[in-house]
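K.L.:
Input: one structure, supplied below.
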Amino acid sequence: MFKRKEEKHITDKDVMRTLPHTRREVFFDLLKHRKMSLFALSCFTFMFFIPLAVDLIFFNFLQNVAIASDKTDYLFSLFFYEMIILIPCMVIGCLGLAGAFEVAKNMVWQEGTMLASDFFHGIKTTWLHALTNGLILGVILSAGVIGSCFLLIYQPVSSIIIGVGMGAMILFFLFFGMAIVMNYTQDAYYQNSYGAILKNSFRFMGLLNWRLLVIFLLSTGVVVTLCFFNMVTLIIGMALFAVLNSVVVILYTLVSHSAFDKYINMDNYPHLVGRGLYKVEDNDEINKDKEA
């Protein structure tokens, strides 16, 4: 004789209680329940960065050959052409980021996502802004590396001057890199001109301060640094980016949305405040529907 197992009745209220109440909970909820979706998003995004990976690996190999053959006269030329080719490669990669941030927005809003459709919709609607982002980042990074290599190879200047110059280049990249991140999160959320978005990005950088800086340094900063050491660290950096870029995009999106709620949505779009999070009024709506 078999006794039927007692079934637990799950109510709408129980379901609502399991939803994330904070953006931190949203992040860990996505890591727990959407692993494959995040991995697929990382792969989609990395496809757009393959030209950049090929450029860096190919020229890194040539630079190692030149050093091993004692043909260091060619080093600056190799760095120069590597960085010039990097600019269009960065532009292509930034197109992929436009799709990634669109998908991330839907994920943190707890909405159903169709990965390929949402990804290419994000590119279609913000492609011009994404190209501009890539051009800015590519030019800044290329100019900084070419200038640093020129000083190191050809100019017998003080190491202090070289250090100050490279430090200024790093700070400049950090400044514009974080602004570009805010460009993407705004583009996925609001419709605005590129100039207005960029101006708002600089404002948000001050408002988010240490949170945005910590995420940028521990993710984007680490990967970029690894790519400019040697072949082994370059491959490690590319592998980390290929697997984990979607997780970083989710982090950027969640941090940005908290700022949008506080400084924009609260006054202008109150219905968007806390979107994707469990709220008491959501439970009230369910009760009203049942009474009706």
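So you can find residues: chains in the structure tokens are A, B, ... in the order shown, residues in each start at 1, and ligands are numbered from 1 in order.
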Using only C-alpha atoms, find each residue of range 175-220 of chain A with at least one atom at most 10 Å away from an atom of range 129-132 of chain A; report its shortest atom-to-atom pair and that distance in Å (one decimal), sort the rows by chain and rising residue number, and return the result as a tab-separated table.

P.N.:
```
residue	atom	partner	partner_atom	distance
A:Ile180	CA	A:Ala130	CA	9.2
A:Asn183	CA	A:His129	CA	8.3
A:Tyr184	CA	A:Ala130	CA	7.7
A:Asp187	CA	A:His129	CA	8.1
A:Ser193	CA	A:His129	CA	8.8
A:Tyr194	CA	A:His129	CA	6.4
A:Gly195	CA	A:His129	CA	9.8
A:Ile197	CA	A:His129	CA	9.6
```

K.L.:
With N, CA and C atoms retained, write the just-selected residues as a CSV table (one decimal), in the first residue's frame.

P.N.:
```csv
chain,number,residue,atom,x,y,z
A,180,ILE,N,32.2,55.3,-20.8
A,180,ILE,CA,31.7,54.5,-21.9
A,180,ILE,C,30.7,53.4,-21.3
A,183,ASN,N,27.6,55.0,-20.7
A,183,ASN,CA,26.9,55.2,-22.0
A,183,ASN,C,26.1,54.0,-22.4
A,184,TYR,N,26.7,52.8,-22.3
A,184,TYR,CA,25.9,51.6,-22.7
A,184,TYR,C,24.7,51.3,-21.8
A,187,ASP,N,22.1,53.8,-22.9
A,187,ASP,CA,21.5,53.5,-24.2
A,187,ASP,C,20.5,52.4,-24.1
A,193,SER,N,20.4,61.7,-27.2
A,193,SER,CA,21.5,62.0,-28.1
A,193,SER,C,22.8,61.5,-27.5
A,194,TYR,N,23.9,61.3,-28.3
A,194,TYR,CA,25.1,60.8,-27.8
A,194,TYR,C,25.8,61.8,-26.9
A,195,GLY,N,25.7,63.1,-27.3
A,195,GLY,CA,26.3,64.1,-26.4
A,195,GLY,C,25.6,64.2,-25.1
A,197,ILE,N,24.0,61.7,-23.5
A,197,ILE,CA,24.4,60.5,-22.8
A,197,ILE,C,25.8,60.6,-22.2
```

K.L.:
Would you mind writing down, as number ranges by chain, each residue of range 6-124 of chain A that DSSP on the backbone assigns to alpha helix (DSSP H)?

P.N.:
A: 12-18, 23-33, 35-47, 50-68, 75-108, 115-124

K.L.:
Show which residues sit within 10 Å of Leu218 in chain A, as a ChimeraX atom specification. Count only C-alpha atoms, and ignore same-chain residues fewer than 5 positions away.

P.N.:
/A:213,223,248

K.L.:
Write the selection just made, keeping N, CA and C atoms, as an mmCIF file, in the first residue's frame?

P.N.:
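Wrote again_13.cif, looks like this:
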```cif
data_model
loop_
_atom_site.group_PDB
_atom_site.id
_atom_site.type_symbol
_atom_site.label_atom_id
_atom_site.label_comp_id
_atom_site.auth_asym_id
_atom_site.auth_seq_id
_atom_site.Cartn_x
_atom_site.Cartn_y
_atom_site.Cartn_z
ATOM 1 N N LEU A 213 34.213 52.307 -9.861
ATOM 2 C CA LEU A 213 35.667 52.201 -9.993
ATOM 3 C C LEU A 213 36.147 50.804 -9.602
ATOM 4 N N VAL A 223 41.659 42.603 -17.138
ATOM 5 C CA VAL A 223 41.765 41.994 -18.469
ATOM 6 C C VAL A 223 42.699 42.803 -19.371
ATOM 7 N N VAL A 248 30.130 40.589 -15.753
ATOM 8 C CA VAL A 248 30.550 41.972 -15.532
ATOM 9 C C VAL A 248 29.512 42.946 -16.080
#
```

K.L.:
Tell me, as a PDB file with C-alpha atoms, in the first residue's frame, which residues lie within 12 Å of Met36 in chain A, counting only C-alpha atoms; anything in the same chain fewer than 5 positions away does not count.

P.N.:
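To be explicit, this is the file written out as out_24.pdb:
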```
ATOM      1  CA  LEU A  30      20.875  35.235 -12.039  1.00  0.00           C
ATOM      2  CA  LEU A  31      24.128  33.412 -11.225  1.00  0.00           C
ATOM      3  CA  LEU A  41      25.635  35.783 -23.714  1.00  0.00           C
ATOM      4  CA  SER A  42      29.392  35.779 -23.021  1.00  0.00           C
ATOM      5  CA  CYS A  43      29.971  33.692 -26.149  1.00  0.00           C
ATOM      6  CA  LEU A 115      19.034  35.830 -26.502  1.00  0.00           C
ATOM      7  CA  VAL A 243      33.730  33.305 -20.191  1.00  0.00           C
ATOM      8  CA  LEU A 244      32.878  36.071 -17.718  1.00  0.00           C
ATOM      9  CA  SER A 246      28.317  38.757 -19.261  1.00  0.00           C
ATOM     10  CA  VAL A 247      28.709  38.650 -15.456  1.00  0.00           C
TER      11      VAL A 247
END
```

K.L.:
For the contact check between range 249-269 of chain A and range 25-28 of chain A, emit one row per residue of range 249-269 of chain A within 9 Å, containing the shortest atom pair and the distance in Å rounded to one decimal, counting only C-alpha atoms, chain then rising number order, as a Markdown table.

P.N.:
```
| residue | atom | partner | partner_atom | distance |
| --- | --- | --- | --- | --- |
| A:Ile250 | CA | A:Phe27 | CA | 7.3 |
| A:Leu251 | CA | A:Phe27 | CA | 7.3 |
| A:Leu254 | CA | A:Phe27 | CA | 7.8 |
```

K.L.:
Kindly export the residues of the current selection with N, CA and C atoms, as a compact mmCIF listing (two decimals), in the first residue's frame.

P.N.:
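selection13.txt, written as the output of this step:
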```
# COMPACT_ATOMS: atom_id res chain seq x y z
N ILE A 250 26.33 42.41 -16.30
CA ILE A 250 25.22 42.39 -15.33
C ILE A 250 25.54 43.29 -14.14
N LEU A 251 26.77 43.22 -13.63
CA LEU A 251 27.17 44.07 -12.50
C LEU A 251 27.06 45.55 -12.86
N LEU A 254 23.34 46.55 -13.00
CA LEU A 254 22.67 46.66 -11.70
C LEU A 254 23.10 47.93 -10.97
```

K.L.:
Taking 6 positions as the minimum chain separation for residues in the same chain, which residues sit within 9 Å of Asp55 in chain A when counting only C-alpha atoms? Answer as a VMD selection string.

P.N.:
chain A and resid 82 to 83 85 to 86 89

K.L.:
Using N, CA and C atoms, can you write the selected residues to a file as a PDB file, in the first residue's frame?

P.N.:
```pdb
ATOM      1  N   GLU A  82      50.139  47.270 -34.564  1.00  0.00           N
ATOM      2  CA  GLU A  82      49.204  46.540 -33.702  1.00  0.00           C
ATOM      3  C   GLU A  82      48.126  47.474 -33.163  1.00  0.00           C
ATOM      4  N   MET A  83      48.536  48.653 -32.713  1.00  0.00           N
ATOM      5  CA  MET A  83      47.592  49.596 -32.121  1.00  0.00           C
ATOM      6  C   MET A  83      46.703  50.266 -33.173  1.00  0.00           C
ATOM      7  N   ILE A  85      45.670  48.803 -35.964  1.00  0.00           N
ATOM      8  CA  ILE A  85      44.674  47.780 -36.302  1.00  0.00           C
ATOM      9  C   ILE A  85      43.704  47.575 -35.146  1.00  0.00           C
ATOM     10  N   LEU A  86      44.175  47.822 -33.923  1.00  0.00           N
ATOM     11  CA  LEU A  86      43.304  47.664 -32.754  1.00  0.00           C
ATOM     12  C   LEU A  86      42.081  48.567 -32.816  1.00  0.00           C
ATOM     13  N   CYS A  89      39.204  47.055 -34.691  1.00  0.00           N
ATOM     14  CA  CYS A  89      38.832  45.844 -33.942  1.00  0.00           C
ATOM     15  C   CYS A  89      38.035  46.208 -32.688  1.00  0.00           C
TER      16      CYS A  89
END
```

K.L.:
Could you tell me how far CA of Phe61 in chain A sits from CA of Leu137 in chain A, in Å to one decimal place?

P.N.:
23.8 Å

K.L.:
For Thr220 in chain A, list every protein, DNA or RNA residue within 10 Å, evaluated using only C-alpha atoms, and leave out those in the same chain fewer than 2 positions away; present the list as a list in words.

P.N.:
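Here the qualifying residues turn out to be Leu174, Gly177, Met178, Ile215, Phe216, Leu217, Leu218, Val222, Val223, Val224, Thr225, Gly237, Phe241, Asn245 and Val248 of chain A.
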
K.L.:
At a cut-off of 10 Å, using only C-alpha atoms, what residues contact Asp29 in chain A? Leave out same-chain residues fewer than 6 positions from it and give the result as a ChimeraX atom specification.

P.N.:
/A:19-20,23,35,108

K.L.:
Save the residues we just selected, C-alpha atoms, as a PDB file, in the first residue's frame?

P.N.:
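To be explicit, this is the file written out as again36.pdb:
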```pdb
ATOM      1  CA  LEU A  19      11.625  37.100  -5.909  1.00  0.00           C
ATOM      2  CA  PRO A  20      14.750  39.213  -5.299  1.00  0.00           C
ATOM      3  CA  ARG A  23      19.800  44.236  -6.720  1.00  0.00           C
ATOM      4  CA  LYS A  35      24.090  30.136 -15.738  1.00  0.00           C
ATOM      5  CA  VAL A 108      17.853  42.215 -14.373  1.00  0.00           C
TER       6      VAL A 108
END
```

K.L.:
Counting only C-alpha atoms, figure out which residue out of A:Gly122, A:Gly147, A:Gly134, A:Pro51 gets nearest to Tyr189 in chain A.

P.N.:
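Under the stated criterion, the closest residue is A:Gly122.
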
K.L.:
Considering only C-alpha atoms, state which residue in the set A:Gly167, A:Gly206, A:Gly144, A:Gly276 is at the smallest distance from Phe79 in chain A.

P.N.:
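Closest candidate: A:Gly144.
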